[in-house]
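Chemist: Here you go, this is data14.cif (mmCIF, C-alpha atoms).
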data_coords
#
loop_
_atom_site.label_atom_id
_atom_site.label_comp_id
_atom_site.auth_asym_id
_atom_site.auth_seq_id
_atom_site.Cartn_x
_atom_site.Cartn_y
_atom_site.Cartn_z
CA MET A 8 5.70 290.65 98.78
CA GLU A 9 3.79 291.43 95.59
CA GLU A 10 3.23 287.72 95.07
CA GLN A 11 1.80 287.47 98.58
CA LEU A 12 -0.56 290.37 97.88
CA LYS A 13 -1.74 288.71 94.67
CA ALA A 14 -2.16 285.40 96.50
CA CYS A 15 -4.21 287.18 99.16
CA ALA A 16 -6.31 288.83 96.45
CA GLN A 17 -6.90 285.42 94.89
CA ARG A 18 -8.02 283.97 98.24
CA VAL A 19 -10.44 286.86 98.79
CA LEU A 20 -11.80 286.41 95.27
CA GLN A 21 -12.29 282.69 95.90
CA ALA A 22 -14.07 283.44 99.16
CA LEU A 23 -16.39 286.04 97.61
CA GLN A 24 -17.07 284.31 94.31
CA PRO A 25 -19.62 281.76 95.60
CA HIS A 26 -21.52 284.54 97.39
CA GLN A 27 -21.46 286.71 94.30
CA GLU A 28 -22.66 283.82 92.12
CA HIS A 29 -25.44 283.05 94.61
CA ALA A 30 -26.54 286.70 94.69
CA ASN A 31 -26.49 286.81 90.87
CA ALA A 32 -28.56 283.62 90.68
CA LEU A 33 -31.13 284.94 93.17
CA THR A 34 -31.39 288.26 91.35
CA ARG A 35 -31.76 286.51 88.00
CA GLU A 36 -34.41 284.14 89.41
CA VAL A 37 -36.48 286.96 90.96
CA ARG A 38 -36.39 288.90 87.71
CA GLN A 39 -37.38 285.83 85.66
CA HIS A 40 -40.30 285.07 87.97
CA ALA A 41 -41.45 288.68 87.88
CA ALA A 42 -41.26 288.64 84.08
CA GLU A 43 -43.34 285.46 83.95
CA LEU A 44 -45.89 286.55 86.59
CA PHE A 45 -46.46 290.01 85.21
CA ASP A 46 -45.97 289.17 81.52
CA VAL A 47 -43.14 291.64 80.92
CA PRO A 48 -39.80 291.12 79.10
CA TYR A 49 -36.95 289.66 81.16
CA GLN A 50 -33.80 291.78 81.54
CA ALA A 51 -30.71 290.02 82.93
CA PRO A 52 -28.62 291.96 85.49
CA ALA A 53 -24.98 292.78 84.74
CA THR A 54 -22.26 291.16 86.85
CA GLU A 55 -18.65 292.10 87.62
CA GLY A 56 -15.64 290.64 89.34
CA ALA A 57 -15.40 291.10 93.06
CA PHE A 58 -11.75 291.83 93.82
CA THR A 59 -9.20 294.06 92.14
CA ILE A 60 -5.91 295.40 93.44
CA GLU A 61 -6.16 299.16 93.20
CA HIS A 62 -3.18 300.30 95.25
CA GLU A 63 0.06 298.37 95.19
CA PRO A 64 2.06 298.66 98.40
CA TYR A 65 5.34 300.52 98.15
CA TRP A 66 8.53 299.46 99.89
CA LEU A 67 11.15 301.52 101.66
CA ARG A 68 14.72 300.52 100.91
CA GLU A 69 16.27 302.95 103.33
CA GLN A 70 15.06 305.13 106.11
CA VAL A 71 16.25 308.64 106.81
CA ASP A 72 17.78 308.61 110.26
CA VAL A 73 16.64 311.62 112.20
CA GLY A 74 18.45 311.48 115.51
CA MET A 75 19.44 313.97 118.12
CA LEU A 76 23.13 313.59 117.39
CA GLY A 77 22.89 312.96 113.62
CA GLU A 78 26.26 313.84 112.05
CA ALA A 79 27.94 314.29 115.43
CA ALA A 80 27.42 310.57 116.18
CA SER A 81 29.09 309.62 112.92
CA LEU A 82 32.06 311.89 113.76
CA LEU A 83 32.34 310.33 117.23
CA GLU A 84 32.36 306.85 115.67
CA ARG A 85 35.33 307.80 113.50
CA LEU A 86 37.30 308.67 116.60
CA MET A 87 36.52 305.31 118.29
CA PRO A 88 38.72 302.25 118.05
CA GLN A 89 37.97 300.11 114.99
CA ALA A 90 36.49 297.14 116.91
CA LEU A 91 34.10 299.36 118.86
CA ARG A 92 33.25 301.29 115.70
CA ARG A 93 32.40 298.03 113.82
CA THR A 94 30.22 296.84 116.69
CA ARG A 95 28.29 300.13 116.78
CA ILE A 96 27.88 300.24 112.97
CA LYS A 97 26.74 296.61 112.92
CA ARG A 98 24.17 297.29 115.66
CA ARG A 99 22.96 300.42 113.87
CA ILE A 100 22.61 298.56 110.54
CA LEU A 101 20.73 295.69 112.20
CA ARG A 102 18.46 298.18 113.95
CA LYS A 103 17.77 299.96 110.62
CA VAL A 104 17.09 296.66 108.84
CA ASP A 105 14.72 295.67 111.63
CA GLN A 106 12.94 299.03 111.38
CA LEU A 107 12.67 298.78 107.58
CA VAL A 108 11.30 295.25 107.77
CA THR A 109 8.78 296.31 110.42
CA ILE A 110 7.70 299.35 108.40
CA ASN A 111 7.42 297.39 105.14
CA VAL A 112 5.52 294.51 106.72
CA GLU A 113 3.13 296.99 108.32
CA LYS A 114 2.66 298.79 104.99
CA PHE A 115 1.92 295.44 103.33
CA ARG A 116 -0.51 294.46 106.12
CA TRP A 117 -2.27 297.82 105.99
CA THR A 118 -2.54 297.80 102.19
CA THR A 119 -3.91 294.26 102.25
CA LEU A 120 -6.48 295.13 104.94
CA GLN A 121 -7.53 298.22 103.00
CA GLN A 122 -7.93 296.19 99.79
CA ILE A 123 -10.01 293.55 101.55
CA ASP A 124 -12.14 296.19 103.29
CA HIS A 125 -12.63 298.05 100.01
CA THR A 126 -13.55 294.82 98.24
CA PHE A 127 -16.19 293.91 100.80
CA ARG A 128 -17.63 297.44 100.81
CA ARG A 129 -17.77 297.45 96.99
CA PHE A 130 -19.31 293.96 96.95
CA ARG A 131 -21.95 295.04 99.49
CA GLY A 132 -22.65 298.24 97.54
CA GLU A 133 -22.99 296.41 94.23
CA LEU A 134 -25.23 293.80 95.82
CA ASP A 135 -27.41 296.52 97.40
CA GLU A 136 -27.59 298.32 94.07
CA ARG A 137 -28.51 295.12 92.20
CA LEU A 138 -31.19 294.30 94.77
CA GLN A 139 -32.61 297.83 94.51
CA GLN A 140 -32.68 297.52 90.71
CA THR A 141 -34.42 294.15 91.02
CA ILE A 142 -36.98 295.57 93.45
CA LYS A 143 -37.56 298.53 91.13
CA ALA A 144 -37.92 296.25 88.09
CA THR A 145 -40.32 293.97 89.97
CA ARG A 146 -42.41 296.92 91.14
CA GLY A 147 -42.46 298.26 87.59
CA ALA A 148 -43.60 294.89 86.27
CA ALA A 149 -46.32 294.69 88.94
CA GLU A 150 -47.49 298.23 88.15
CA ALA A 151 -47.59 297.43 84.42
CA ALA A 152 -49.65 294.30 85.11
CA LEU A 153 -51.98 296.29 87.40
CA ASN A 154 -52.42 298.97 84.72
CA ARG A 155 -53.26 296.31 82.13
CA ARG A 156 -55.75 294.74 84.55
CA GLU A 157 -57.37 298.12 85.28
CA GLU A 158 -57.62 298.84 81.54
CA ALA A 159 -59.15 295.41 80.95
CA GLN A 160 -61.53 295.94 83.88
CA ALA A 161 -62.57 299.32 82.49
CA ALA A 162 -63.25 297.73 79.10
CA ILE A 163 -65.25 294.95 80.74
CA GLU A 164 -67.20 297.47 82.83
CA GLY A 165 -68.07 299.32 79.62
CA GLU A 166 -69.28 296.09 78.04
CA VAL A 167 -71.21 295.20 81.21
CA GLY A 168 -72.90 298.62 81.04
CA VAL A 169 -73.92 298.02 77.42
CA LEU A 170 -75.20 294.52 78.28
CA GLN A 171 -77.14 295.84 81.29
CA ALA A 172 -78.76 298.50 79.11
CA ALA A 173 -79.66 295.81 76.55
CA GLN A 174 -81.05 293.62 79.35
CA GLU A 175 -83.17 296.51 80.60
CA GLU A 176 -84.48 297.08 77.08
CA LEU A 177 -85.26 293.38 76.77
CA LEU A 178 -87.08 293.42 80.12
CA ALA A 179 -89.00 296.51 79.02
CA LEU A 180 -89.91 294.72 75.77
CA GLN A 181 -90.99 291.65 77.75
CA ASP A 182 -93.16 293.84 79.92
CA LEU A 183 -94.70 295.42 76.80
CA GLN A 184 -95.27 292.01 75.34
CA LYS A 185 -97.01 290.88 78.53
CA VAL A 186 -99.15 294.01 78.52
CA GLY A 187 -99.95 293.37 74.85
CA GLU A 188 -100.91 289.77 75.59
CA GLN A 189 -103.08 290.85 78.47
CA MET A 190 -104.81 293.38 76.25
CA GLU A 191 -105.45 290.74 73.63
CA GLU A 192 -106.96 288.46 76.25
CA MET A 193 -109.18 291.25 77.43
CA GLY A 194 -110.29 292.42 74.31
#
Written as structure tokens, that's how I'd like the structure from this file.

Modeler:
Amino acid sequence: MEEQLKACAQRVLQALQPHQEHANALTREVRQHAAELFDVPYQAPATEGAFTIEHEPYWLREQVDVGMLGEAASLLERLMPQALRRTRIKRRILRKVDQLVTINVEKFRWTTLQQIDHTFRRFRGELDERLQQTIKATRGAAEAALNRREEAQAAIEGEVGVLQAAQEELLALQDLQKVGEQMEEMG
């Protein structure tokens, strides 16, 4: 049964691996583009395996028989003829084996379902977390680029102000020169 659980784990891993690789590639690509667009350093996201067996199923080898008659049934069997006693014991053993097999198969099924469910929940959670980190990193890169642009714009506005003041002085000097030329012509 343990081999079957490991084989099931391997199949789940094989099924999830392409999706995990695709998600990793998309995350990496978005981060690289953000780094290029906003001129910030690229930081690669961390990746992990998708499936691990956390709880091994346990097997029952015998089941405690809790019946109404209990010990009284066993005493009655001792008083029965040997052929009838063997038939009853054989039926009881077969019934117990059937119950144990049913219980153990159900435990295996339940454990396997829980592992698969846990794996998909963890995969979804890790993917959500990675996407949130990527969104946060992209927003941070965009904000850094916007801050640099605003700083550059403020510096340019300061230079524009200085140039406008110089232009106004030049225009004032031109006006004075024109007035001076007009005065020379007049006088």

Chemist: Quote the spacing between atom CA of Gln11 of chain A and atom CA of Thr118 of chain A in Å to one decimal place.

Modeler: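 Going from atom CA of Gln11 of chain A over to atom CA of Thr118 of chain A covers 11.8 Å.
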
Chemist: Between A:Arg38, A:Arg85, A:His29, A:His125, which residue has the minimum interatomic distance to Lys143 of chain A, considering all atoms listed in the file?

Modeler: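 Result for the nearest residue to Lys143 of chain A: A:Arg38.
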
Chemist: Please report the interatomic distance between atom CA of Pro25 of chain A and atom CA of Ala148 of chain A in Å with one decimal.

Modeler: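 Taking atom CA of Pro25 of chain A and atom CA of Ala148 of chain A, their separation equals 28.9 Å.
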
Chemist: Give me, as a tab-separated table (two decimals) with C-alpha atoms, in the coordinates of the input, all polymer residues having an atom no more than 10 Å from Glu84 of chain A, counting only C-alpha atoms and skipping those fewer than 6 positions away in the same chain.

Modeler:
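Output file part-v4.tsv is given in full below:
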chain	number	residue	atom	x	y	z
A	78	GLU	CA	26.26	313.84	112.05
A	91	LEU	CA	34.10	299.36	118.86
A	92	ARG	CA	33.25	301.29	115.70
A	93	ARG	CA	32.40	298.03	113.82
A	95	ARG	CA	28.29	300.13	116.78
A	96	ILE	CA	27.88	300.24	112.97

Chemist: Any idea what the distance is between atom CA of Leu20 of chain A and atom CA of Val37 of chain A?

Modeler: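 Interatomic distance, atom CA of Leu20 of chain A to atom CA of Val37 of chain A: 25.1 Å.
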
Chemist: Name the residues captured by the PyMOL selection byres ((chain A and resi 152-157) around 12) when it is applied to the shown file; answer as a list in words.

Modeler: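 Going through the file, the PyMOL selection byres ((chain A and resi 152-157) around 12) ends up selecting Ala41, Ala42, Glu43, Leu44, Phe45, Asp46, Val47, Pro48, Thr145, Arg146, Gly147, Ala148, Ala149, Glu150, Ala151, Glu158, Ala159, Gln160, Ala161, Ala162, Ile163 and Glu164 of chain A.
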
Chemist: Pick from A:Leu83, A:Ala144, A:Val112, A:Leu120: nearest to Arg35 of chain A, with only C-alpha atoms counted?

Modeler: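 Ranked by minimum distance to Arg35 of chain A, first place goes to A:Ala144.
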